[in-house]
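*Asks:* What follows is the file protein_18.pdb, containing PDB, C-alpha atoms and all ligand atoms:
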```pdb
ATOM      1  CA  MET A1396      86.710 116.345  81.164  1.00  0.00           C
ATOM      2  CA  SER A1397      87.934 114.129  78.354  1.00  0.00           C
ATOM      3  CA  SER A1398      85.942 110.969  77.807  1.00  0.00           C
ATOM      4  CA  VAL A1399      89.074 108.912  77.198  1.00  0.00           C
ATOM      5  CA  LEU A1400      90.568 107.635  80.449  1.00  0.00           C
ATOM      6  CA  TYR A1401      93.919 105.938  80.936  1.00  0.00           C
ATOM      7  CA  LEU A1402      94.164 104.550  84.453  1.00  0.00           C
ATOM      8  CA  ILE A1403      97.665 103.491  85.433  1.00  0.00           C
ATOM      9  CA  PHE A1404      98.023 100.911  88.177  1.00  0.00           C
ATOM     10  CA  LEU A1405     101.170 101.078  90.256  1.00  0.00           C
ATOM     11  CA  GLY A1406     102.314  98.776  93.026  1.00  0.00           C
ATOM     12  CA  ALA A1407     105.016  96.251  93.872  1.00  0.00           C
ATOM     13  CA  PRO A1408     104.949  92.790  92.294  1.00  0.00           C
ATOM     14  CA  GLY A1409     102.265  90.850  94.166  1.00  0.00           C
ATOM     15  CA  ALA A1410     100.297  93.915  95.304  1.00  0.00           C
ATOM     16  CA  GLY A1411      97.246  92.682  93.383  1.00  0.00           C
ATOM     17  CA  LYS A1412      97.295  94.802  90.233  1.00  0.00           C
ATOM     18  CA  GLY A1413      96.379  91.945  87.883  1.00  0.00           C
ATOM     19  CA  THR A1414      93.570  90.681  90.109  1.00  0.00           C
ATOM     20  CA  GLN A1415      92.034  94.084  90.727  1.00  0.00           C
ATOM     21  CA  VAL A1416      92.392  95.369  87.184  1.00  0.00           C
ATOM     22  CA  GLU A1417      90.750  92.246  85.796  1.00  0.00           C
ATOM     23  CA  ARG A1418      87.744  92.840  88.075  1.00  0.00           C
ATOM     24  CA  LEU A1419      87.649  96.526  87.302  1.00  0.00           C
ATOM     25  CA  ALA A1420      87.714  95.768  83.583  1.00  0.00           C
ATOM     26  CA  ALA A1421      84.661  93.540  83.988  1.00  0.00           C
ATOM     27  CA  ALA A1422      82.864  96.185  86.052  1.00  0.00           C
ATOM     28  CA  SER A1423      83.694  99.179  83.875  1.00  0.00           C
ATOM     29  CA  GLY A1424      84.008  97.818  80.344  1.00  0.00           C
ATOM     30  CA  LEU A1425      87.462  99.399  80.005  1.00  0.00           C
ATOM     31  CA  PRO A1426      90.024  96.911  78.646  1.00  0.00           C
ATOM     32  CA  HIS A1427      92.750  95.453  80.863  1.00  0.00           C
ATOM     33  CA  VAL A1428      96.098  96.184  79.212  1.00  0.00           C
ATOM     34  CA  SER A1429      98.799  94.214  81.012  1.00  0.00           C
ATOM     35  CA  THR A1430     102.272  94.409  79.511  1.00  0.00           C
ATOM     36  CA  GLY A1431     103.262  91.258  81.431  1.00  0.00           C
ATOM     37  CA  ASN A1432     100.313  89.365  79.914  1.00  0.00           C
ATOM     38  CA  LEU A1433     101.131  90.727  76.435  1.00  0.00           C
ATOM     39  CA  PHE A1434     104.714  89.486  76.767  1.00  0.00           C
ATOM     40  CA  ARG A1435     103.505  86.102  78.048  1.00  0.00           C
ATOM     41  CA  GLU A1436     101.049  85.785  75.127  1.00  0.00           C
ATOM     42  CA  ASN A1437     103.876  86.588  72.714  1.00  0.00           C
ATOM     43  CA  LEU A1438     106.012  83.988  74.409  1.00  0.00           C
ATOM     44  CA  GLN A1439     103.299  81.336  74.169  1.00  0.00           C
ATOM     45  CA  GLN A1440     102.992  82.066  70.443  1.00  0.00           C
ATOM     46  CA  ARG A1441     106.808  82.048  70.081  1.00  0.00           C
ATOM     47  CA  THR A1442     106.815  85.445  68.354  1.00  0.00           C
ATOM     48  CA  GLU A1443     110.045  87.408  67.917  1.00  0.00           C
ATOM     49  CA  LEU A1444     108.960  89.745  70.717  1.00  0.00           C
ATOM     50  CA  GLY A1445     108.147  86.819  73.007  1.00  0.00           C
ATOM     51  CA  LEU A1446     111.523  85.210  72.413  1.00  0.00           C
ATOM     52  CA  LEU A1447     113.282  88.512  73.066  1.00  0.00           C
ATOM     53  CA  ALA A1448     111.361  88.989  76.330  1.00  0.00           C
ATOM     54  CA  GLU A1449     111.710  85.420  77.615  1.00  0.00           C
ATOM     55  CA  SER A1450     115.170  85.469  79.175  1.00  0.00           C
ATOM     56  CA  ILE A1451     114.725  89.025  80.452  1.00  0.00           C
ATOM     57  CA  MET A1452     111.461  88.151  82.201  1.00  0.00           C
ATOM     58  CA  ASN A1453     112.908  84.971  83.652  1.00  0.00           C
ATOM     59  CA  ALA A1454     115.771  87.001  85.083  1.00  0.00           C
ATOM     60  CA  GLY A1455     113.318  89.474  86.636  1.00  0.00           C
ATOM     61  CA  ASP A1456     114.650  92.422  84.626  1.00  0.00           C
ATOM     62  CA  LEU A1457     112.810  94.928  82.454  1.00  0.00           C
ATOM     63  CA  VAL A1458     112.289  94.421  78.723  1.00  0.00           C
ATOM     64  CA  PRO A1459     113.850  97.324  76.737  1.00  0.00           C
ATOM     65  CA  ASP A1460     111.755 100.482  76.663  1.00  0.00           C
ATOM     66  CA  THR A1461     111.523 100.876  72.892  1.00  0.00           C
ATOM     67  CA  VAL A1462     109.884  97.500  72.259  1.00  0.00           C
ATOM     68  CA  THR A1463     107.674  97.829  75.334  1.00  0.00           C
ATOM     69  CA  ILE A1464     106.484 101.310  74.383  1.00  0.00           C
ATOM     70  CA  ASP A1465     105.806 100.232  70.779  1.00  0.00           C
ATOM     71  CA  MET A1466     103.820  97.240  72.035  1.00  0.00           C
ATOM     72  CA  VAL A1467     101.659  99.471  74.261  1.00  0.00           C
ATOM     73  CA  ARG A1468     101.180 102.057  71.522  1.00  0.00           C
ATOM     74  CA  ASP A1469      99.903  99.318  69.177  1.00  0.00           C
ATOM     75  CA  ARG A1470      97.629  97.919  71.857  1.00  0.00           C
ATOM     76  CA  LEU A1471      96.127 101.323  72.731  1.00  0.00           C
ATOM     77  CA  ALA A1472      95.477 101.989  69.041  1.00  0.00           C
ATOM     78  CA  ARG A1473      93.087  99.046  68.878  1.00  0.00           C
ATOM     79  CA  PRO A1474      89.360  99.905  68.734  1.00  0.00           C
ATOM     80  CA  ASP A1475      88.517  98.480  72.175  1.00  0.00           C
ATOM     81  CA  CYS A1476      90.748 101.161  73.737  1.00  0.00           C
ATOM     82  CA  ALA A1477      88.894 104.062  72.095  1.00  0.00           C
ATOM     83  CA  GLY A1478      87.306 104.971  75.459  1.00  0.00           C
ATOM     84  CA  GLY A1479      90.485 104.363  77.439  1.00  0.00           C
ATOM     85  CA  ALA A1480      92.255 101.507  79.178  1.00  0.00           C
ATOM     86  CA  LEU A1481      93.362 100.115  82.515  1.00  0.00           C
ATOM     87  CA  LEU A1482      97.139  99.848  82.369  1.00  0.00           C
ATOM     88  CA  ASP A1483      98.722  97.160  84.509  1.00  0.00           C
ATOM     89  CA  GLY A1484     102.524  97.013  84.527  1.00  0.00           C
ATOM     90  CA  PHE A1485     103.053 100.068  82.320  1.00  0.00           C
ATOM     91  CA  PRO A1486     104.649 102.549  82.670  1.00  0.00           C
ATOM     92  CA  ARG A1487     107.402 100.945  84.743  1.00  0.00           C
ATOM     93  CA  ASN A1488     110.033 103.692  84.646  1.00  0.00           C
ATOM     94  CA  LEU A1489     110.331 107.395  83.895  1.00  0.00           C
ATOM     95  CA  ILE A1490     111.070 106.937  80.195  1.00  0.00           C
ATOM     96  CA  GLN A1491     107.904 104.880  79.806  1.00  0.00           C
ATOM     97  CA  ALA A1492     105.973 107.442  81.868  1.00  0.00           C
ATOM     98  CA  ASP A1493     107.019 110.185  79.458  1.00  0.00           C
ATOM     99  CA  ALA A1494     105.929 107.999  76.526  1.00  0.00           C
ATOM    100  CA  MET A1495     102.619 107.361  78.296  1.00  0.00           C
ATOM    101  CA  ALA A1496     102.094 111.108  78.752  1.00  0.00           C
ATOM    102  CA  GLU A1497     102.695 111.612  75.054  1.00  0.00           C
ATOM    103  CA  MET A1498     100.219 108.844  74.130  1.00  0.00           C
ATOM    104  CA  ALA A1499      97.632 110.339  76.484  1.00  0.00           C
ATOM    105  CA  GLY A1500      98.183 113.768  74.927  1.00  0.00           C
ATOM    106  CA  ALA A1501      97.739 112.363  71.419  1.00  0.00           C
ATOM    107  CA  ALA A1502      94.483 110.665  72.459  1.00  0.00           C
ATOM    108  CA  ALA A1503      93.299 113.729  74.459  1.00  0.00           C
ATOM    109  CA  ALA A1504      92.964 111.305  77.356  1.00  0.00           C
ATOM    110  CA  THR A1505      92.757 111.918  81.093  1.00  0.00           C
ATOM    111  CA  LEU A1506      95.592 110.192  82.933  1.00  0.00           C
ATOM    112  CA  GLN A1507      95.262 108.999  86.508  1.00  0.00           C
ATOM    113  CA  ALA A1508      97.642 106.806  88.504  1.00  0.00           C
ATOM    114  CA  VAL A1509      96.334 104.462  91.195  1.00  0.00           C
ATOM    115  CA  PHE A1510      98.849 103.052  93.663  1.00  0.00           C
ATOM    116  CA  LEU A1511      97.974  99.736  95.308  1.00  0.00           C
ATOM    117  CA  ASN A1512      99.841  99.957  98.592  1.00  0.00           C
ATOM    118  CA  LEU A1513     100.945  96.703 100.204  1.00  0.00           C
ATOM    119  CA  ASP A1514     103.977  95.853 102.317  1.00  0.00           C
ATOM    120  CA  ASP A1515     106.738  93.659 100.895  1.00  0.00           C
ATOM    121  CA  THR A1516     106.168  90.658 103.163  1.00  0.00           C
ATOM    122  CA  GLU A1517     102.539  90.432 102.121  1.00  0.00           C
ATOM    123  CA  CYS A1518     103.518  90.869  98.433  1.00  0.00           C
ATOM    124  CA  MET A1519     105.908  87.946  98.818  1.00  0.00           C
ATOM    125  CA  ASN A1520     103.184  85.786 100.472  1.00  0.00           C
ATOM    126  CA  ARG A1521     100.829  86.519  97.624  1.00  0.00           C
ATOM    127  CA  ILE A1522     103.397  85.826  94.901  1.00  0.00           C
ATOM    128  CA  THR A1523     104.570  82.496  96.267  1.00  0.00           C
ATOM    129  CA  GLY A1524     101.062  81.006  96.142  1.00  0.00           C
ATOM    130  CA  ARG A1525      99.934  82.733  92.974  1.00  0.00           C
ATOM    131  CA  ARG A1526      98.654  80.673  90.039  1.00  0.00           C
ATOM    132  CA  GLN A1527      97.550  81.980  86.653  1.00  0.00           C
ATOM    133  CA  CYS A1528      95.393  80.453  83.930  1.00  0.00           C
ATOM    134  CA  ARG A1529      97.298  79.657  80.753  1.00  0.00           C
ATOM    135  CA  ASP A1530      94.220  80.360  78.636  1.00  0.00           C
ATOM    136  CA  CYS A1531      92.315  83.337  80.091  1.00  0.00           C
ATOM    137  CA  GLY A1532      94.950  84.835  82.416  1.00  0.00           C
ATOM    138  CA  LEU A1533      92.757  84.650  85.559  1.00  0.00           C
ATOM    139  CA  ILE A1534      94.828  84.851  88.744  1.00  0.00           C
ATOM    140  CA  CYS A1535      94.116  82.844  91.890  1.00  0.00           C
ATOM    141  CA  HIS A1536      96.032  81.832  95.012  1.00  0.00           C
ATOM    142  CA  VAL A1537      96.503  78.358  96.460  1.00  0.00           C
ATOM    143  CA  ARG A1538      95.738  79.573 100.001  1.00  0.00           C
ATOM    144  CA  PHE A1539      93.956  82.941  99.796  1.00  0.00           C
ATOM    145  CA  ALA A1540      91.700  82.336  96.764  1.00  0.00           C
ATOM    146  CA  PRO A1541      91.923  78.635  95.870  1.00  0.00           C
ATOM    147  CA  PRO A1542      90.270  77.308  92.699  1.00  0.00           C
ATOM    148  CA  GLN A1543      87.347  74.908  93.108  1.00  0.00           C
ATOM    149  CA  VAL A1544      89.343  72.138  91.449  1.00  0.00           C
ATOM    150  CA  ASP A1545      93.084  71.973  92.062  1.00  0.00           C
ATOM    151  CA  GLY A1546      95.028  73.197  89.019  1.00  0.00           C
ATOM    152  CA  VAL A1547      91.914  74.130  87.007  1.00  0.00           C
ATOM    153  CA  CYS A1548      90.731  77.676  86.240  1.00  0.00           C
ATOM    154  CA  ASP A1549      87.291  78.463  87.723  1.00  0.00           C
ATOM    155  CA  GLN A1550      86.542  80.845  84.866  1.00  0.00           C
ATOM    156  CA  CYS A1551      87.377  78.837  81.746  1.00  0.00           C
ATOM    157  CA  GLY A1552      88.578  75.372  82.808  1.00  0.00           C
ATOM    158  CA  GLY A1553      92.108  76.109  81.555  1.00  0.00           C
ATOM    159  CA  GLU A1554      95.308  74.930  83.215  1.00  0.00           C
ATOM    160  CA  LEU A1555      96.570  76.918  86.202  1.00  0.00           C
ATOM    161  CA  TYR A1556     100.333  77.278  86.365  1.00  0.00           C
ATOM    162  CA  ARG A1557     102.951  79.055  88.420  1.00  0.00           C
ATOM    163  CA  ARG A1558     104.631  81.786  86.392  1.00  0.00           C
ATOM    164  CA  ASP A1559     108.278  81.007  85.629  1.00  0.00           C
ATOM    165  CA  ASP A1560     109.261  84.349  87.156  1.00  0.00           C
ATOM    166  CA  ASP A1561     107.421  83.668  90.438  1.00  0.00           C
ATOM    167  CA  ASN A1562     110.363  81.721  91.924  1.00  0.00           C
ATOM    168  CA  PRO A1563     112.084  83.349  94.956  1.00  0.00           C
ATOM    169  CA  ALA A1564     115.331  84.364  93.173  1.00  0.00           C
ATOM    170  CA  THR A1565     113.529  86.070  90.296  1.00  0.00           C
ATOM    171  CA  VAL A1566     110.978  87.666  92.606  1.00  0.00           C
ATOM    172  CA  GLU A1567     113.816  89.257  94.545  1.00  0.00           C
ATOM    173  CA  ARG A1568     115.177  90.825  91.352  1.00  0.00           C
ATOM    174  CA  ARG A1569     111.706  91.976  90.316  1.00  0.00           C
ATOM    175  CA  ILE A1570     111.238  93.695  93.663  1.00  0.00           C
ATOM    176  CA  LEU A1571     114.641  95.370  93.269  1.00  0.00           C
ATOM    177  CA  ALA A1572     113.704  96.480  89.744  1.00  0.00           C
ATOM    178  CA  TYR A1573     110.458  97.828  91.168  1.00  0.00           C
ATOM    179  CA  TYR A1574     112.188  99.983  93.778  1.00  0.00           C
ATOM    180  CA  ARG A1575     114.899 101.148  91.404  1.00  0.00           C
ATOM    181  CA  GLU A1576     112.816 101.848  88.297  1.00  0.00           C
ATOM    182  CA  THR A1577     109.120 102.029  89.129  1.00  0.00           C
ATOM    183  CA  ALA A1578     108.819 103.482  92.634  1.00  0.00           C
ATOM    184  CA  PRO A1579     110.027 106.919  91.378  1.00  0.00           C
ATOM    185  CA  LEU A1580     106.766 107.094  89.428  1.00  0.00           C
ATOM    186  CA  LEU A1581     104.856 107.558  92.682  1.00  0.00           C
ATOM    187  CA  GLY A1582     106.495 110.968  93.101  1.00  0.00           C
ATOM    188  CA  TYR A1583     106.175 111.689  89.381  1.00  0.00           C
ATOM    189  CA  TYR A1584     102.370 111.305  89.377  1.00  0.00           C
ATOM    190  CA  HIS A1585     102.040 112.885  92.797  1.00  0.00           C
ATOM    191  CA  ALA A1586     103.744 116.029  91.509  1.00  0.00           C
ATOM    192  CA  LEU A1587     101.322 116.067  88.574  1.00  0.00           C
ATOM    193  CA  ARG A1588      98.376 115.695  91.008  1.00  0.00           C
ATOM    194  CA  LYS A1589      97.353 112.564  89.158  1.00  0.00           C
ATOM    195  CA  PHE A1590      97.933 110.175  92.017  1.00  0.00           C
ATOM    196  CA  LEU A1591      95.713 108.292  94.401  1.00  0.00           C
ATOM    197  CA  THR A1592      96.452 105.513  96.855  1.00  0.00           C
ATOM    198  CA  VAL A1593      94.318 102.495  97.660  1.00  0.00           C
ATOM    199  CA  GLU A1594      95.288 100.251 100.565  1.00  0.00           C
ATOM    200  CA  ALA A1595      95.729  96.781  99.079  1.00  0.00           C
ATOM    201  CA  ASP A1596      95.730  94.582 102.188  1.00  0.00           C
ATOM    202  CA  GLY A1597      92.850  92.208 102.851  1.00  0.00           C
ATOM    203  CA  ALA A1598      90.756  89.986 100.621  1.00  0.00           C
ATOM    204  CA  PRO A1599      90.307  90.772  96.902  1.00  0.00           C
ATOM    205  CA  ASP A1600      86.652  91.737  97.520  1.00  0.00           C
ATOM    206  CA  GLN A1601      87.634  94.256 100.200  1.00  0.00           C
ATOM    207  CA  VAL A1602      90.267  95.862  97.982  1.00  0.00           C
ATOM    208  CA  ALA A1603      87.796  95.966  95.082  1.00  0.00           C
ATOM    209  CA  VAL A1604      85.326  97.931  97.237  1.00  0.00           C
ATOM    210  CA  ARG A1605      88.025 100.445  98.255  1.00  0.00           C
ATOM    211  CA  LEU A1606      89.105 100.803  94.654  1.00  0.00           C
ATOM    212  CA  ARG A1607      85.574 101.392  93.470  1.00  0.00           C
ATOM    213  CA  GLU A1608      85.090 104.074  96.114  1.00  0.00           C
ATOM    214  CA  ALA A1609      88.361 105.746  95.155  1.00  0.00           C
ATOM    215  CA  LEU A1610      87.385 105.794  91.488  1.00  0.00           C
ATOM    216  CA  ALA A1611      83.804 106.969  91.918  1.00  0.00           C
ATOM    217  CA  GLY A1612      83.278 109.951  89.655  1.00  0.00           C
ATOM    218  CA  LEU A1613      86.157 108.944  87.406  1.00  0.00           C
ATOM    219  CA  VAL A1614      85.009 105.555  86.157  1.00  0.00           C
ATOM    220  CA  GLU A1615      81.494 104.608  85.126  1.00  0.00           C
ATOM    221  CA  PHE A1616      80.541 101.267  86.597  1.00  0.00           C
ATOM    222  CA  ALA A1617      77.981  98.930  85.091  1.00  0.00           C
ATOM    223  CA  PRO A1618      75.108  98.268  87.509  1.00  0.00           C
ATOM    224  CA  GLU A1619      75.850  95.153  89.632  1.00  0.00           C
TER     225      GLU A1619
HETATM  226  P1  LIG B   1     104.208  91.541  85.311  1.00  0.00           P
HETATM  227  O1  LIG B   1     103.275  90.537  84.762  1.00  0.00           O
HETATM  228  O2  LIG B   1     103.682  92.945  85.256  1.00  0.00           O
HETATM  229  O3  LIG B   1     104.710  91.180  86.678  1.00  0.00           O
HETATM  230  O4  LIG B   1     105.501  91.546  84.347  1.00  0.00           O
HETATM  231  C1  LIG B   1     106.289  90.390  84.188  1.00  0.00           C
HETATM  232  C2  LIG B   1     107.596  90.744  83.532  1.00  0.00           C
HETATM  233  O5  LIG B   1     107.347  91.285  82.229  1.00  0.00           O
HETATM  234  C3  LIG B   1     108.417  91.819  84.237  1.00  0.00           C
HETATM  235  O6  LIG B   1     109.199  91.286  85.309  1.00  0.00           O
HETATM  236  C4  LIG B   1     109.279  92.325  83.090  1.00  0.00           C
HETATM  237  O7  LIG B   1     110.319  91.428  82.779  1.00  0.00           O
HETATM  238  C5  LIG B   1     108.293  92.312  81.923  1.00  0.00           C
HETATM  239  N1  LIG B   1     107.547  93.592  81.855  1.00  0.00           N
HETATM  240  C6  LIG B   1     106.232  93.787  82.092  1.00  0.00           C
HETATM  241  N2  LIG B   1     105.898  95.064  81.910  1.00  0.00           N
HETATM  242  C7  LIG B   1     107.036  95.711  81.562  1.00  0.00           C
HETATM  243  C8  LIG B   1     107.354  97.066  81.264  1.00  0.00           C
HETATM  244  N3  LIG B   1     106.416  98.032  81.300  1.00  0.00           N
HETATM  245  N4  LIG B   1     108.635  97.357  80.939  1.00  0.00           N
HETATM  246  C9  LIG B   1     109.574  96.420  80.880  1.00  0.00           C
HETATM  247  N5  LIG B   1     109.361  95.124  81.183  1.00  0.00           N
HETATM  248  C10 LIG B   1     108.094  94.761  81.518  1.00  0.00           C
END
```
Please express the file's structure as structure tokens.

*Replies:*
Amino acid sequence: MSSVLYLIFLGAPGAGKGTQVERLAAASGLPHVSTGNLFRENLQQRTELGLLAESIMNAGDLVPDTVTIDMVRDRLARPDCAGGALLDGFPRNLIQADAMAEMAGAAAATLQAVFLNLDDTECMNRITGRRQCRDCGLICHVRFAPPQVDGVCDQCGGELYRRDDDNPATVERRILAYYRETAPLLGYYHALRKFLTVEADGAPDQVAVRLREALAGLVEFAPE
């Protein structure tokens, strides 16, 4: 088997992709590549890409494929991705999935999709209380995983904020975009026999254990 591994995390907004991938990155040494975080970083730095993405993200729609694919290609070409990457939020439609397949082919990488399965009501509950650190990107939840100090990141002391696109109207559009554009990827990877499902209900620790079990043999974990 190839030693380069691209793991693709699928799941509705709020299913826990960011939280779980961040943990998995720490446990495996594979970098967390989140297209949402890359767009938000670009926005914070007021780059051309960030300004292009801003209104689209705030509306809950998808950023055009060409710029998104180019951004991921650049990111995966960086040295820290030489052994692979954990992709969170990409691919998000069939065009991006085809581009991902091509990138995996060029890197002689193994591709595997992991679907975090959670029902919509629970996704909504998670999103409405979600807070993210402006500096390190850590995700917490005001009720389910509260920070030790209100508004302050446990990991780096940065400011916790509610994402602009986590308001109910935008979330509704993001969920629609998910079902229209991204859900077809479940069948796409299933047909390729590159698909596994992890139940994403319960506490982050419980999901992390299930994920680790599901990935045993595929991912090398650092000793705990
Ligand atoms: P996320 O952090 O994954 O929830 O993404 C936040 C927003 O960034 C999405 O609602 C989209 O507007 C944009 N975005 C993230 N990833 C992609 C992608 N692969 N393709 C297009 N737009 C994306």

*Asks:* Given only C-alpha atoms as the basis, pick out the residue of A:Pro1408, A:Pro1426, A:Thr1442, A:Ala1501 nearest to Asp1475 in chain A.

*Replies:*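 Closest to Asp1475 in chain A of all the choices is A:Pro1426.
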
*Asks:* Once the PyMOL selection byres (((chain A and resi 1427) around 8) and not hetatm) is applied to the coordinates I shared, what remains selected? I want it as a PyMOL selection string.

*Replies:* chain A and resi 1416-1417+1420+1425-1426+1428-1429+1480-1483

*Asks:* Go through A:Ile1451, A:Ala1421, A:Leu1438, A:Leu1405 and flag the residue nearest ligand LIG 1 (chain B), using all atoms listed in the file for the distances.

*Replies:*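 Ranked by minimum distance to ligand LIG 1 (chain B), first place goes to A:Ile1451.
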
*Asks:* What does the distance from atom N4 of ligand LIG 1 (chain B) to CA of Val1467 in chain A come to in Å, to one decimal?

*Replies:* 9.9 Å

*Asks:* So what does the PyMOL selection byres (((chain A and resi 1589-1592) around 6) and not hetatm) actually pick up in this one, as a ChimeraX atom specification?

*Replies:* /A:1507-1510,1584-1585,1587-1588,1593

*Asks:* So what do you get for CA of Leu1444 in chain A versus CA of Arg1468 in chain A, distance-wise?

*Replies:* 14.6 Å

*Asks:* Run through the PyMOL selection byres (((chain A and resi 1539-1543) around 10) and not hetatm) on the given coordinates and return the selected residues as a PyMOL selection string.

*Replies:* chain A and resi 1520-1521+1524-1526+1534-1538+1544-1550+1555+1597-1599

*Asks:* Enumerate residues in contact with ligand LIG 1 (chain B): an atom-to-atom distance of at most 8 Å, counting all atoms listed in the file. Format the result as an MDAnalysis selection string.

*Replies:* chainID A and resid 1408:1409 1413 1429:1432 1434:1435 1448 1451:1460 1463:1464 1483:1488 1491 1560 1569

*Asks:* To one decimal place, how far is CA of Glu1567 in chain A from CA of Leu1489 in chain A in Å?

*Replies:*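 Between these atoms lies a distance of 21.3 Å.
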
*Asks:* If I only have part of range 1581-1596 of chain A, can you fill in N, CA, C and O atoms and write it as a PDB file, in the coordinates of the input?

*Replies:*
```pdb
ATOM      1  N   LEU A1581     105.832 107.104  91.683  1.00  0.00           N
ATOM      2  CA  LEU A1581     104.856 107.558  92.682  1.00  0.00           C
ATOM      3  C   LEU A1581     104.996 109.075  92.839  1.00  0.00           C
ATOM      4  O   LEU A1581     104.005 109.809  92.832  1.00  0.00           O
ATOM      5  N   GLY A1582     106.247 109.532  92.975  1.00  0.00           N
ATOM      6  CA  GLY A1582     106.495 110.968  93.101  1.00  0.00           C
ATOM      7  C   GLY A1582     106.154 111.724  91.818  1.00  0.00           C
ATOM      8  O   GLY A1582     105.631 112.840  91.858  1.00  0.00           O
ATOM      9  N   TYR A1583     106.434 111.081  90.696  1.00  0.00           N
ATOM     10  CA  TYR A1583     106.175 111.689  89.381  1.00  0.00           C
ATOM     11  C   TYR A1583     104.683 112.026  89.242  1.00  0.00           C
ATOM     12  O   TYR A1583     104.301 113.151  88.905  1.00  0.00           O
ATOM     13  N   TYR A1584     103.812 111.051  89.531  1.00  0.00           N
ATOM     14  CA  TYR A1584     102.370 111.305  89.377  1.00  0.00           C
ATOM     15  C   TYR A1584     101.817 112.169  90.507  1.00  0.00           C
ATOM     16  O   TYR A1584     100.859 112.911  90.305  1.00  0.00           O
ATOM     17  N   HIS A1585     102.448 112.042  91.678  1.00  0.00           N
ATOM     18  CA  HIS A1585     102.040 112.885  92.797  1.00  0.00           C
ATOM     19  C   HIS A1585     102.253 114.345  92.427  1.00  0.00           C
ATOM     20  O   HIS A1585     101.365 115.191  92.624  1.00  0.00           O
ATOM     21  N   ALA A1586     103.425 114.640  91.880  1.00  0.00           N
ATOM     22  CA  ALA A1586     103.744 116.029  91.509  1.00  0.00           C
ATOM     23  C   ALA A1586     102.775 116.554  90.453  1.00  0.00           C
ATOM     24  O   ALA A1586     102.472 117.747  90.405  1.00  0.00           O
ATOM     25  N   LEU A1587     102.282 115.651  89.610  1.00  0.00           N
ATOM     26  CA  LEU A1587     101.322 116.067  88.574  1.00  0.00           C
ATOM     27  C   LEU A1587      99.887 116.119  89.104  1.00  0.00           C
ATOM     28  O   LEU A1587      98.959 116.419  88.358  1.00  0.00           O
ATOM     29  N   ARG A1588      99.715 115.780  90.380  1.00  0.00           N
ATOM     30  CA  ARG A1588      98.376 115.695  91.008  1.00  0.00           C
ATOM     31  C   ARG A1588      97.487 114.702  90.270  1.00  0.00           C
ATOM     32  O   ARG A1588      96.295 114.933  90.054  1.00  0.00           O
ATOM     33  N   LYS A1589      98.112 113.619  89.833  1.00  0.00           N
ATOM     34  CA  LYS A1589      97.353 112.564  89.158  1.00  0.00           C
ATOM     35  C   LYS A1589      97.561 111.257  89.914  1.00  0.00           C
ATOM     36  O   LYS A1589      97.811 110.212  89.319  1.00  0.00           O
ATOM     37  N   PHE A1590      97.521 111.315  91.217  1.00  0.00           N
ATOM     38  CA  PHE A1590      97.933 110.175  92.017  1.00  0.00           C
ATOM     39  C   PHE A1590      96.917 109.901  93.107  1.00  0.00           C
ATOM     40  O   PHE A1590      96.505 110.811  93.823  1.00  0.00           O
ATOM     41  N   LEU A1591      96.500 108.643  93.222  1.00  0.00           N
ATOM     42  CA  LEU A1591      95.713 108.292  94.401  1.00  0.00           C
ATOM     43  C   LEU A1591      96.152 106.922  94.900  1.00  0.00           C
ATOM     44  O   LEU A1591      96.636 106.088  94.138  1.00  0.00           O
ATOM     45  N   THR A1592      95.989 106.745  96.212  1.00  0.00           N
ATOM     46  CA  THR A1592      96.452 105.513  96.855  1.00  0.00           C
ATOM     47  C   THR A1592      95.259 104.712  97.343  1.00  0.00           C
ATOM     48  O   THR A1592      94.320 105.273  97.901  1.00  0.00           O
ATOM     49  N   VAL A1593      95.327 103.405  97.114  1.00  0.00           N
ATOM     50  CA  VAL A1593      94.318 102.495  97.660  1.00  0.00           C
ATOM     51  C   VAL A1593      95.060 101.450  98.481  1.00  0.00           C
ATOM     52  O   VAL A1593      96.027 100.846  97.991  1.00  0.00           O
ATOM     53  N   GLU A1594      94.641 101.263  99.736  1.00  0.00           N
ATOM     54  CA  GLU A1594      95.288 100.251 100.565  1.00  0.00           C
ATOM     55  C   GLU A1594      94.920  98.872 100.017  1.00  0.00           C
ATOM     56  O   GLU A1594      93.748  98.579  99.783  1.00  0.00           O
ATOM     57  N   ALA A1595      95.949  98.032  99.808  1.00  0.00           N
ATOM     58  CA  ALA A1595      95.729  96.781  99.079  1.00  0.00           C
ATOM     59  C   ALA A1595      95.790  95.548  99.973  1.00  0.00           C
ATOM     60  O   ALA A1595      95.858  94.423  99.485  1.00  0.00           O
ATOM     61  N   ASP A1596      95.755  95.750 101.305  1.00  0.00           N
ATOM     62  CA  ASP A1596      95.730  94.582 102.188  1.00  0.00           C
ATOM     63  C   ASP A1596      94.301  94.053 102.280  1.00  0.00           C
ATOM     64  O   ASP A1596      93.347  94.757 101.959  1.00  0.00           O
TER      65      ASP A1596
END
```
